[in-house]
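Undergrad: Handing over protein37.cif, mmCIF, C-alpha atoms and all ligand atoms.
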data_structure
#
loop_
_atom_site.label_atom_id
_atom_site.label_comp_id
_atom_site.auth_asym_id
_atom_site.auth_seq_id
_atom_site.Cartn_x
_atom_site.Cartn_y
_atom_site.Cartn_z
CA MET A 1316 -39.06 -32.37 -19.40
CA GLY A 1317 -37.79 -28.83 -20.08
CA SER A 1318 -34.07 -28.14 -19.83
CA THR A 1319 -32.74 -26.65 -16.60
CA ARG A 1320 -31.27 -23.17 -16.46
CA LYS A 1321 -27.81 -24.73 -16.27
CA GLU A 1322 -28.41 -26.83 -19.35
CA ARG A 1323 -29.75 -23.83 -21.22
CA ALA A 1324 -26.68 -21.81 -20.28
CA ARG A 1325 -24.43 -24.60 -21.55
CA ASN A 1326 -26.39 -24.92 -24.76
CA ASP A 1327 -26.41 -21.18 -25.40
CA SER A 1328 -24.16 -20.89 -28.44
CA SER A 1329 -22.48 -17.72 -27.14
CA ARG A 1330 -21.35 -19.59 -24.02
CA ALA A 1331 -20.62 -23.08 -25.28
CA GLU A 1332 -16.95 -22.18 -25.72
CA ILE A 1333 -15.26 -20.46 -22.83
CA ALA A 1334 -11.78 -18.98 -22.89
CA VAL A 1335 -9.93 -18.71 -19.60
CA VAL A 1336 -7.12 -16.19 -19.87
CA GLY A 1337 -4.38 -16.83 -17.30
CA GLY A 1338 -2.48 -19.99 -16.51
CA GLY A 1339 -1.85 -19.36 -12.81
CA VAL A 1340 -3.53 -21.32 -10.03
CA ILE A 1341 -6.76 -19.27 -10.25
CA GLY A 1342 -7.04 -19.56 -14.04
CA LEU A 1343 -6.27 -23.27 -14.01
CA ALA A 1344 -8.68 -23.91 -11.13
CA VAL A 1345 -11.47 -22.12 -13.02
CA ALA A 1346 -10.61 -23.91 -16.28
CA ASN A 1347 -10.69 -27.32 -14.58
CA GLU A 1348 -14.00 -26.60 -12.85
CA LEU A 1349 -15.58 -25.53 -16.13
CA LEU A 1350 -14.37 -28.70 -17.85
CA ASP A 1351 -15.88 -30.73 -15.00
CA ARG A 1352 -19.19 -29.00 -15.61
CA GLY A 1353 -19.22 -29.89 -19.27
CA TYR A 1354 -18.03 -26.68 -20.91
CA ALA A 1355 -15.51 -26.61 -23.75
CA VAL A 1356 -12.59 -24.61 -22.40
CA THR A 1357 -9.62 -22.98 -24.08
CA LEU A 1358 -6.80 -21.85 -21.83
CA VAL A 1359 -4.92 -18.75 -22.95
CA ASP A 1360 -1.75 -18.92 -20.92
CA GLU A 1361 0.30 -15.76 -21.26
CA ALA A 1362 3.55 -16.79 -19.58
CA ARG A 1363 4.82 -13.83 -17.53
CA GLU A 1364 7.80 -13.27 -15.33
CA GLY A 1365 6.68 -12.91 -11.73
CA VAL A 1366 3.39 -14.80 -11.93
CA ALA A 1367 2.22 -15.01 -8.31
CA SER A 1368 1.57 -18.77 -8.37
CA ASN A 1369 5.24 -19.50 -9.03
CA ALA A 1370 6.49 -17.34 -6.18
CA ALA A 1371 3.74 -17.91 -3.59
CA ALA A 1372 4.28 -19.66 -0.26
CA GLY A 1373 1.06 -21.63 -0.53
CA MET A 1374 -0.14 -21.03 3.02
CA LEU A 1375 -3.78 -22.00 3.42
CA ALA A 1376 -4.15 -19.76 6.39
CA PRO A 1377 -7.35 -17.73 6.89
CA PHE A 1378 -6.23 -16.64 10.34
CA ALA A 1379 -2.58 -15.91 9.66
CA GLU A 1380 -3.18 -14.19 6.34
CA ASP A 1381 -6.21 -12.13 7.32
CA ASP A 1382 -4.39 -8.82 7.07
CA VAL A 1383 -7.21 -7.07 5.20
CA GLY A 1384 -9.55 -7.58 8.17
CA ALA A 1385 -12.61 -7.50 5.90
CA ASP A 1386 -15.71 -9.26 7.22
CA ALA A 1387 -16.58 -10.33 3.71
CA LEU A 1388 -13.32 -12.09 3.01
CA VAL A 1389 -12.89 -14.27 6.10
CA PRO A 1390 -15.92 -16.52 5.40
CA LEU A 1391 -14.68 -16.98 1.84
CA MET A 1392 -11.20 -17.93 3.08
CA ASN A 1393 -12.64 -20.36 5.63
CA ALA A 1394 -14.95 -21.95 3.09
CA SER A 1395 -12.08 -22.42 0.65
CA LEU A 1396 -9.88 -24.00 3.34
CA GLU A 1397 -12.71 -26.45 4.08
CA MET A 1398 -12.90 -27.35 0.40
CA TYR A 1399 -9.17 -27.96 0.04
CA PRO A 1400 -8.68 -31.66 0.92
CA GLY A 1401 -11.59 -32.80 -1.27
CA TRP A 1402 -10.59 -30.44 -4.06
CA VAL A 1403 -6.99 -31.67 -4.04
CA GLU A 1404 -8.21 -35.27 -4.12
CA ARG A 1405 -9.84 -34.52 -7.49
CA ILE A 1406 -6.58 -33.15 -8.88
CA ALA A 1407 -3.68 -35.16 -7.50
CA SER A 1408 -2.48 -36.96 -4.40
CA ALA A 1409 -1.73 -34.82 -1.34
CA ASP A 1410 1.92 -35.92 -1.68
CA GLU A 1411 2.14 -34.74 -5.29
CA VAL A 1412 1.12 -31.21 -4.38
CA ASP A 1413 2.76 -31.24 -0.95
CA LEU A 1414 -0.43 -30.62 1.00
CA THR A 1415 0.52 -30.48 4.68
CA SER A 1416 -1.72 -30.05 7.69
CA THR A 1417 0.58 -29.37 10.61
CA GLY A 1418 -0.87 -25.91 11.31
CA SER A 1419 0.66 -22.48 11.81
CA LEU A 1420 2.84 -21.70 14.80
CA PHE A 1421 3.12 -18.07 15.88
CA VAL A 1422 6.33 -17.47 17.78
CA ALA A 1423 7.42 -14.56 20.00
CA ARG A 1424 11.16 -14.12 20.00
CA ASP A 1425 11.35 -11.41 22.69
CA ARG A 1426 9.30 -9.94 25.55
CA ASP A 1427 7.66 -7.16 23.54
CA ARG A 1428 6.53 -9.55 20.89
CA LEU A 1429 5.29 -11.98 23.55
CA ALA A 1430 2.86 -9.37 24.90
CA THR A 1431 1.60 -8.58 21.41
CA LEU A 1432 1.15 -12.24 20.57
CA ARG A 1433 -0.74 -12.98 23.80
CA HIS A 1434 -3.07 -10.14 22.99
CA GLU A 1435 -3.54 -11.48 19.48
CA ALA A 1436 -4.30 -15.00 20.72
CA ARG A 1437 -6.94 -13.66 23.12
CA ARG A 1438 -8.49 -11.34 20.56
CA ARG A 1439 -8.92 -14.05 17.98
CA THR A 1440 -10.34 -16.90 20.01
CA GLU A 1441 -12.33 -18.12 17.00
CA ALA A 1442 -9.06 -19.30 15.50
CA ASN A 1443 -8.90 -22.03 18.16
CA ALA A 1444 -5.43 -20.87 19.02
CA ASP A 1445 -3.73 -23.03 21.65
CA TRP A 1446 -1.37 -20.88 23.76
CA LEU A 1447 2.02 -22.55 24.22
CA ASP A 1448 4.58 -21.76 26.88
CA ARG A 1449 8.27 -22.01 26.11
CA ASP A 1450 8.56 -25.73 26.91
CA ALA A 1451 5.53 -26.66 24.87
CA LEU A 1452 6.86 -24.61 21.98
CA PHE A 1453 10.22 -26.38 22.02
CA GLU A 1454 8.58 -29.76 22.28
CA LEU A 1455 6.85 -29.00 18.98
CA GLU A 1456 9.80 -27.31 17.30
CA PRO A 1457 13.20 -28.04 18.87
CA HIS A 1458 15.10 -25.93 16.32
CA LEU A 1459 13.50 -22.65 17.35
CA SER A 1460 15.83 -19.96 18.67
CA PRO A 1461 16.58 -20.34 22.42
CA ARG A 1462 15.25 -16.76 22.67
CA ALA A 1463 11.72 -17.89 21.77
CA LEU A 1464 9.44 -17.26 24.76
CA GLY A 1465 6.04 -18.59 23.78
CA GLY A 1466 3.44 -18.57 21.10
CA PHE A 1467 0.34 -20.21 19.80
CA ARG A 1468 -0.72 -22.69 17.21
CA VAL A 1469 -3.59 -22.52 14.77
CA ALA A 1470 -3.95 -26.22 14.09
CA ARG A 1471 -6.47 -26.09 11.25
CA GLU A 1472 -4.21 -24.17 8.87
CA ARG A 1473 -2.45 -25.98 6.04
CA ALA A 1474 0.07 -25.39 3.30
CA ILE A 1475 0.59 -26.58 -0.26
CA ASP A 1476 3.35 -26.17 -2.85
CA PRO A 1477 1.79 -23.77 -5.40
CA ARG A 1478 4.19 -24.74 -8.19
CA ARG A 1479 3.28 -28.39 -7.83
CA LEU A 1480 -0.40 -27.51 -7.58
CA ARG A 1481 -0.16 -25.45 -10.73
CA ALA A 1482 1.58 -28.29 -12.59
CA ALA A 1483 -1.02 -30.83 -11.39
CA LEU A 1484 -3.89 -28.57 -12.47
CA ALA A 1485 -2.28 -28.08 -15.88
CA ARG A 1486 -1.81 -31.87 -16.32
CA ARG A 1487 -5.42 -32.50 -15.37
CA PHE A 1488 -6.67 -29.78 -17.71
CA ASP A 1489 -4.79 -31.33 -20.63
CA ALA A 1490 -5.84 -34.88 -19.71
CA LEU A 1491 -9.52 -33.86 -19.58
CA GLY A 1492 -9.35 -32.48 -23.12
CA GLY A 1493 -8.94 -28.78 -22.36
CA ARG A 1494 -7.61 -26.83 -25.32
CA ARG A 1495 -4.83 -24.28 -25.40
CA GLY A 1496 -4.65 -21.39 -27.81
CA ASP A 1497 -6.31 -18.05 -28.44
CA ALA A 1498 -9.64 -16.85 -27.12
CA GLY A 1499 -12.54 -17.39 -29.53
CA ALA A 1500 -15.72 -15.36 -29.83
CA GLY A 1501 -17.46 -16.73 -26.72
CA LEU A 1502 -17.30 -15.91 -23.05
CA VAL A 1503 -13.90 -14.91 -21.66
CA VAL A 1504 -12.87 -15.33 -18.01
CA ARG A 1505 -9.89 -13.09 -17.23
CA CYS A 1506 -7.74 -14.49 -14.42
CA CYS A 1507 -4.53 -12.69 -15.29
CA GLY A 1508 -3.40 -12.02 -11.73
CA ALA A 1509 -1.55 -8.73 -11.38
CA TRP A 1510 -1.91 -8.19 -15.14
CA THR A 1511 -5.72 -8.06 -15.09
CA ASP A 1512 -5.92 -4.46 -16.25
CA PRO A 1513 -7.36 -2.16 -15.05
CA TRP A 1514 -8.64 -3.90 -11.94
CA VAL A 1515 -5.46 -4.46 -9.97
CA ARG A 1516 -1.98 -3.19 -9.21
CA PRO A 1517 1.06 -5.39 -8.53
CA VAL A 1518 2.30 -5.76 -4.95
CA ARG A 1519 5.75 -7.22 -5.19
CA GLY A 1520 6.90 -10.03 -2.90
CA GLN A 1521 10.38 -11.52 -2.67
CA ALA A 1522 11.01 -14.87 -0.98
CA LEU A 1523 13.70 -17.51 -0.66
CA LEU A 1524 13.77 -21.24 -1.07
CA LEU A 1525 16.33 -22.94 1.18
CA SER A 1526 17.34 -26.57 1.12
CA GLY A 1527 19.15 -28.94 3.46
CA ALA A 1528 18.16 -30.80 6.59
CA PRO A 1529 14.51 -30.27 7.57
CA LEU A 1530 14.36 -27.96 10.59
CA VAL A 1531 10.68 -27.33 11.30
CA GLN A 1532 7.35 -29.13 10.89
CA HIS A 1533 4.90 -26.24 11.19
CA VAL A 1534 4.54 -23.04 9.27
CA ILE A 1535 6.45 -20.72 11.61
CA ARG A 1536 5.34 -17.11 11.80
CA THR A 1537 6.58 -13.95 13.42
CA PRO A 1538 5.29 -10.48 12.50
CA ASP A 1539 8.36 -10.11 10.27
CA VAL A 1540 8.79 -13.41 8.46
CA TYR A 1541 7.18 -16.77 7.80
CA LEU A 1542 8.83 -20.13 7.19
CA VAL A 1543 6.95 -22.82 5.29
CA PRO A 1544 8.43 -26.32 5.33
CA ARG A 1545 7.97 -28.52 2.27
CA ARG A 1546 7.75 -32.30 2.59
CA ASP A 1547 11.01 -32.75 0.69
CA GLY A 1548 12.89 -30.81 3.37
CA ARG A 1549 13.05 -27.47 1.57
CA LEU A 1550 12.10 -24.35 3.47
CA TYR A 1551 10.30 -21.37 1.95
CA VAL A 1552 11.14 -18.08 3.66
CA GLY A 1553 8.82 -15.17 2.88
CA ALA A 1554 8.04 -12.55 2.08
CA THR A 1555 8.58 -8.88 1.42
CA SER A 1556 5.75 -6.62 0.32
CA ASP A 1557 6.29 -3.41 -1.61
CA GLU A 1558 5.02 -1.50 -4.60
CA ARG A 1559 7.42 -0.69 -7.37
CA GLY A 1560 5.51 -1.79 -10.44
CA PHE A 1561 6.57 -4.94 -12.24
CA ASP A 1562 10.20 -4.86 -11.15
CA ALA A 1563 11.13 -8.54 -10.89
CA THR A 1564 14.74 -7.91 -9.86
CA ALA A 1565 15.74 -9.86 -6.77
CA SER A 1566 17.09 -7.40 -4.23
CA ALA A 1567 20.10 -8.06 -1.99
CA GLY A 1568 18.52 -5.97 0.76
CA ASP A 1569 15.33 -8.04 0.71
CA THR A 1570 17.35 -11.25 0.84
CA LEU A 1571 19.36 -9.92 3.77
CA GLU A 1572 16.21 -8.92 5.65
CA LEU A 1573 14.49 -12.26 5.08
CA LEU A 1574 17.56 -14.24 6.15
CA ARG A 1575 18.06 -12.05 9.21
CA GLU A 1576 14.47 -12.44 10.40
CA ALA A 1577 14.45 -16.17 9.64
CA PHE A 1578 17.76 -16.61 11.49
CA LEU A 1579 16.39 -14.84 14.56
CA VAL A 1580 13.60 -17.40 14.89
CA VAL A 1581 15.33 -20.55 13.54
CA PRO A 1582 19.13 -20.05 13.70
CA GLY A 1583 19.80 -23.37 11.95
CA ILE A 1584 18.81 -21.82 8.63
CA ALA A 1585 22.38 -20.52 8.43
CA GLU A 1586 23.44 -24.08 7.54
CA LEU A 1587 21.02 -24.37 4.61
CA ALA A 1588 21.69 -23.68 0.95
CA ILE A 1589 19.91 -20.92 -0.96
CA GLU A 1590 18.21 -22.84 -3.72
CA ALA A 1591 16.26 -19.98 -5.27
CA ILE A 1592 15.27 -16.37 -4.80
CA VAL A 1593 11.79 -15.76 -6.16
CA VAL A 1594 9.87 -12.59 -6.94
CA GLY A 1595 6.14 -12.49 -7.61
CA PHE A 1596 3.39 -9.91 -8.01
CA ARG A 1597 0.29 -10.13 -5.82
CA PRO A 1598 -2.79 -8.76 -7.59
CA ALA A 1599 -4.28 -6.07 -5.33
CA THR A 1600 -7.45 -4.05 -5.83
CA ARG A 1601 -8.02 -0.68 -4.18
CA ASP A 1602 -9.82 -2.27 -1.21
CA HIS A 1603 -7.62 -5.39 -1.21
CA LEU A 1604 -10.64 -7.63 -1.83
CA PRO A 1605 -10.98 -9.88 -4.86
CA VAL A 1606 -12.93 -8.70 -7.86
CA ILE A 1607 -15.05 -11.49 -9.33
CA GLY A 1608 -17.97 -11.09 -11.71
CA TYR A 1609 -19.18 -9.91 -15.10
CA VAL A 1610 -17.62 -6.70 -16.40
CA ALA A 1611 -19.27 -7.02 -19.82
CA PRO A 1612 -21.86 -9.46 -21.21
CA ASP A 1613 -19.04 -11.63 -22.59
CA THR A 1614 -16.36 -11.02 -19.96
CA ILE A 1615 -15.89 -12.15 -16.36
CA VAL A 1616 -12.91 -11.15 -14.24
CA ALA A 1617 -11.59 -13.21 -11.33
CA THR A 1618 -8.59 -11.52 -9.78
CA GLY A 1619 -7.47 -9.33 -6.87
CA HIS A 1620 -6.84 -12.27 -4.55
CA TYR A 1621 -3.87 -10.36 -3.20
CA ARG A 1622 -2.18 -12.50 -0.47
CA ASN A 1623 -4.59 -15.41 -0.75
CA GLY A 1624 -4.82 -16.59 -4.34
CA VAL A 1625 -3.76 -20.14 -3.59
CA LEU A 1626 -6.13 -20.42 -0.62
CA LEU A 1627 -9.04 -18.94 -2.57
CA ALA A 1628 -8.60 -21.01 -5.75
CA PRO A 1629 -11.18 -23.76 -5.04
CA ILE A 1630 -13.95 -21.39 -3.93
CA THR A 1631 -13.22 -18.94 -6.77
CA ALA A 1632 -13.45 -21.74 -9.31
CA ARG A 1633 -16.74 -22.93 -7.85
CA LEU A 1634 -18.33 -19.48 -7.69
CA VAL A 1635 -17.21 -18.45 -11.18
CA ALA A 1636 -18.63 -21.69 -12.57
CA ASP A 1637 -21.89 -21.11 -10.66
CA LEU A 1638 -22.07 -17.64 -12.20
CA ILE A 1639 -21.55 -19.08 -15.69
CA ASP A 1640 -24.15 -21.77 -15.01
CA GLY A 1641 -26.59 -18.93 -14.47
CA ASP A 1642 -27.05 -19.44 -10.74
CA ALA A 1643 -27.58 -16.56 -8.33
CA VAL A 1644 -24.31 -16.27 -6.38
CA PRO A 1645 -24.92 -14.10 -3.30
CA ALA A 1646 -21.48 -15.01 -1.93
CA LEU A 1647 -19.98 -12.89 -4.71
CA ALA A 1648 -21.87 -9.70 -3.82
CA PRO A 1649 -18.97 -8.16 -1.81
CA PHE A 1650 -16.58 -8.86 -4.68
CA ASP A 1651 -18.73 -7.45 -7.48
CA PRO A 1652 -16.62 -5.39 -9.92
CA ALA A 1653 -19.48 -2.83 -9.98
CA ARG A 1654 -18.33 -1.54 -6.58
CA PHE A 1655 -15.54 0.39 -8.32
CA LYS A 1656 -17.53 1.94 -11.12
CA PRO A 1657 -19.11 4.98 -9.45
CA ASN A 1658 -15.64 6.45 -9.01
CA GLY A 1659 -14.91 6.11 -12.67
CA GLY A 1660 -13.10 2.77 -12.67
CA PRO A 1661 -11.04 0.42 -10.64
CA ALA A 1662 -7.55 1.78 -11.03
N1 LIG B 1701 0.33 -15.18 1.32
C1 LIG B 1701 1.60 -14.76 1.69
C2 LIG B 1701 2.06 -13.56 1.01
O1 LIG B 1701 1.38 -13.01 0.17
O2 LIG B 1701 3.14 -13.12 1.35
#
Would you write out, as structure tokens, the structure that this file holds?
Ligand code: GLY
TA:
Amino acid sequence: MGSTRKERARNDSSRAEIAVVGGGVIGLAVANELLDRGYAVTLVDEAREGVASNAAAGMLAPFAEDDVGADALVPLMNASLEMYPGWVERIASADEVDLTSTGSLFVARDRDRLATLRHEARRRTEANADWLDRDALFELEPHLSPRALGGFRVARERAIDPRRLRAALARRFDALGGRRGDAGAGLVVRCCGAWTDPWVRPVRGQALLLSGAPLVQHVIRTPDVYLVPRRDGRLYVGATSDERGFDATASAGDTLELLREAFLVVPGIAELAIEAIVVGFRPATRDHLPVIGYVAPDTIVATGHYRNGVLLAPITARLVADLIDGDAVPALAPFDPARFKPNGGPA
């Protein structure tokens, strides 16, 4: 029997060795997927200050984090969320990576915001949002501010601890025989996050990690802040969004703003300790959509995941591996790097 296209691709000497450049969640997810498919993979991990995976909240939230509003992206986000439980099972236990499934809770803390939130819940019925009056809200989350007036829950959304996920992916990569070092002469997959020149620019985010008594069960969201509880009781409070290059300095003003907004929705945070202030750089393309595909015969890029790198890791890994296997990947058409070329480049 003749060899399949996939087997031929794997046997092609120029592709037998693949280098994945970037040791964040996307790079590690791709590297693990390629190992699973029988490729020899070298990981080139350029440790950088402000790598998004170390600062990210880890919300797996296609509804809550759909701020680009692009038709092409939402199906990808939903498909990746679907993949998550099975994907995590291959990597580690849900406990190890802190995979939670309590859903996102959108909270209005005053009358103006209540009207906006009601409108939002009606507009986005596909999110299966359950509207909650004040009593129902407090039954779910007794530590909310007494000012909270109502809200809604998107039950299908999840969260994960990106640092733990990254560590678990790295352990698995090493255990499966992945190599670390420099890129060889074969195919290179560039997953360098905000450093994937010239495809992206850095969008800075500052966030806080608080610790103490657990206060909330759900991811709590207002238009101004989100709170993501970890299983060990810590609380992630995020996040700012601004563009000032790769300035990783933690700002007092940002910390003040995050604490103020968090306090307005869950006043008990005042009793918690500040465990860490983190700064990370979201990789953003000009249209805020990922850029995934060949940019040269021996180079693929997979970056530009902007606010959703952790969510999009499983589907990105699968699609990049399909591409390398030689499959047609229509799902990648909207994210083709070629969309930037007519204007002379991506920058
Ligand atoms: N995904 C949350 C953020 O980028 O702030």
Undergrad: Check the smallest atom-to-atom distance from each of A:Thr1631, A:Ser1368, A:Ser1416, A:Ser1460 to ligand LIG 1701 (chain B) using all atoms listed in the file, then report the winner.
TA: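 Of all the options, A:Ser1368 lies closest to ligand LIG 1701 (chain B).
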Undergrad: Give me, please, the distance in Å between atom CA of A:Gly1465 and atom CA of A:Pro1377, quoted to one decimal.
TA: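 Taking atom CA of A:Gly1465 as the start and atom CA of A:Pro1377 as the end point, the length is 21.6 Å.
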Undergrad: Show which residues sit within 7 Å of A:Leu1375, as a PyMOL selection string. Count all atoms listed in the file, and ignore same-chain residues fewer than 5 positions away.
TA: chain A and resi 1396+1472-1474+1626
Undergrad: What is the distance, in Å and to one decimal place, between atom CA of A:Phe1650 and atom CA of A:Val1383?
TA: 13.7 Å
Undergrad: Record the distance separating atom CA of A:Val1594 and atom CA of A:Glu1411, expressed in Å with one decimal.
TA: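 Distance between the two atoms: 23.5 Å.
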Undergrad: Within 12 Å of A:Asp1360, counting all atoms listed in the file, which residues qualify if same-chain residues fewer than 5 places away don't, as a PyMOL selection string?
TA: chain A and resi 1334-1343+1346+1366+1485+1494-1498+1505-1508
Undergrad: Write out as a PyMOL selection string each polymer residue (protein, DNA or RNA) that has an atom no more than 7 Å from ligand LIG 1701 (chain B), with all atoms listed in the file counted.
TA: chain A and resi 1371-1374+1380+1520+1553-1555+1597+1621-1623
Undergrad: Go through A:Arg1519, A:Arg1536, A:His1458, A:Arg1426 one by one, measure the shortest atom-to-atom distance of each to A:Ala1367 using all atoms listed in the file, and give the residue with the smallest value.
TA: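 Ranking A:Arg1519, A:Arg1536, A:His1458, A:Arg1426 by distance to A:Ala1367, first place goes to A:Arg1519.
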Undergrad: Which residues are close to A:Leu1391, i.e. within 9 Å by only C-alpha atoms, leaving aside same-chain residues fewer than 2 positions away? Reply as a PyMOL selection string.
TA: chain A and resi 1377+1387-1389+1393-1396+1627+1630-1631+1646
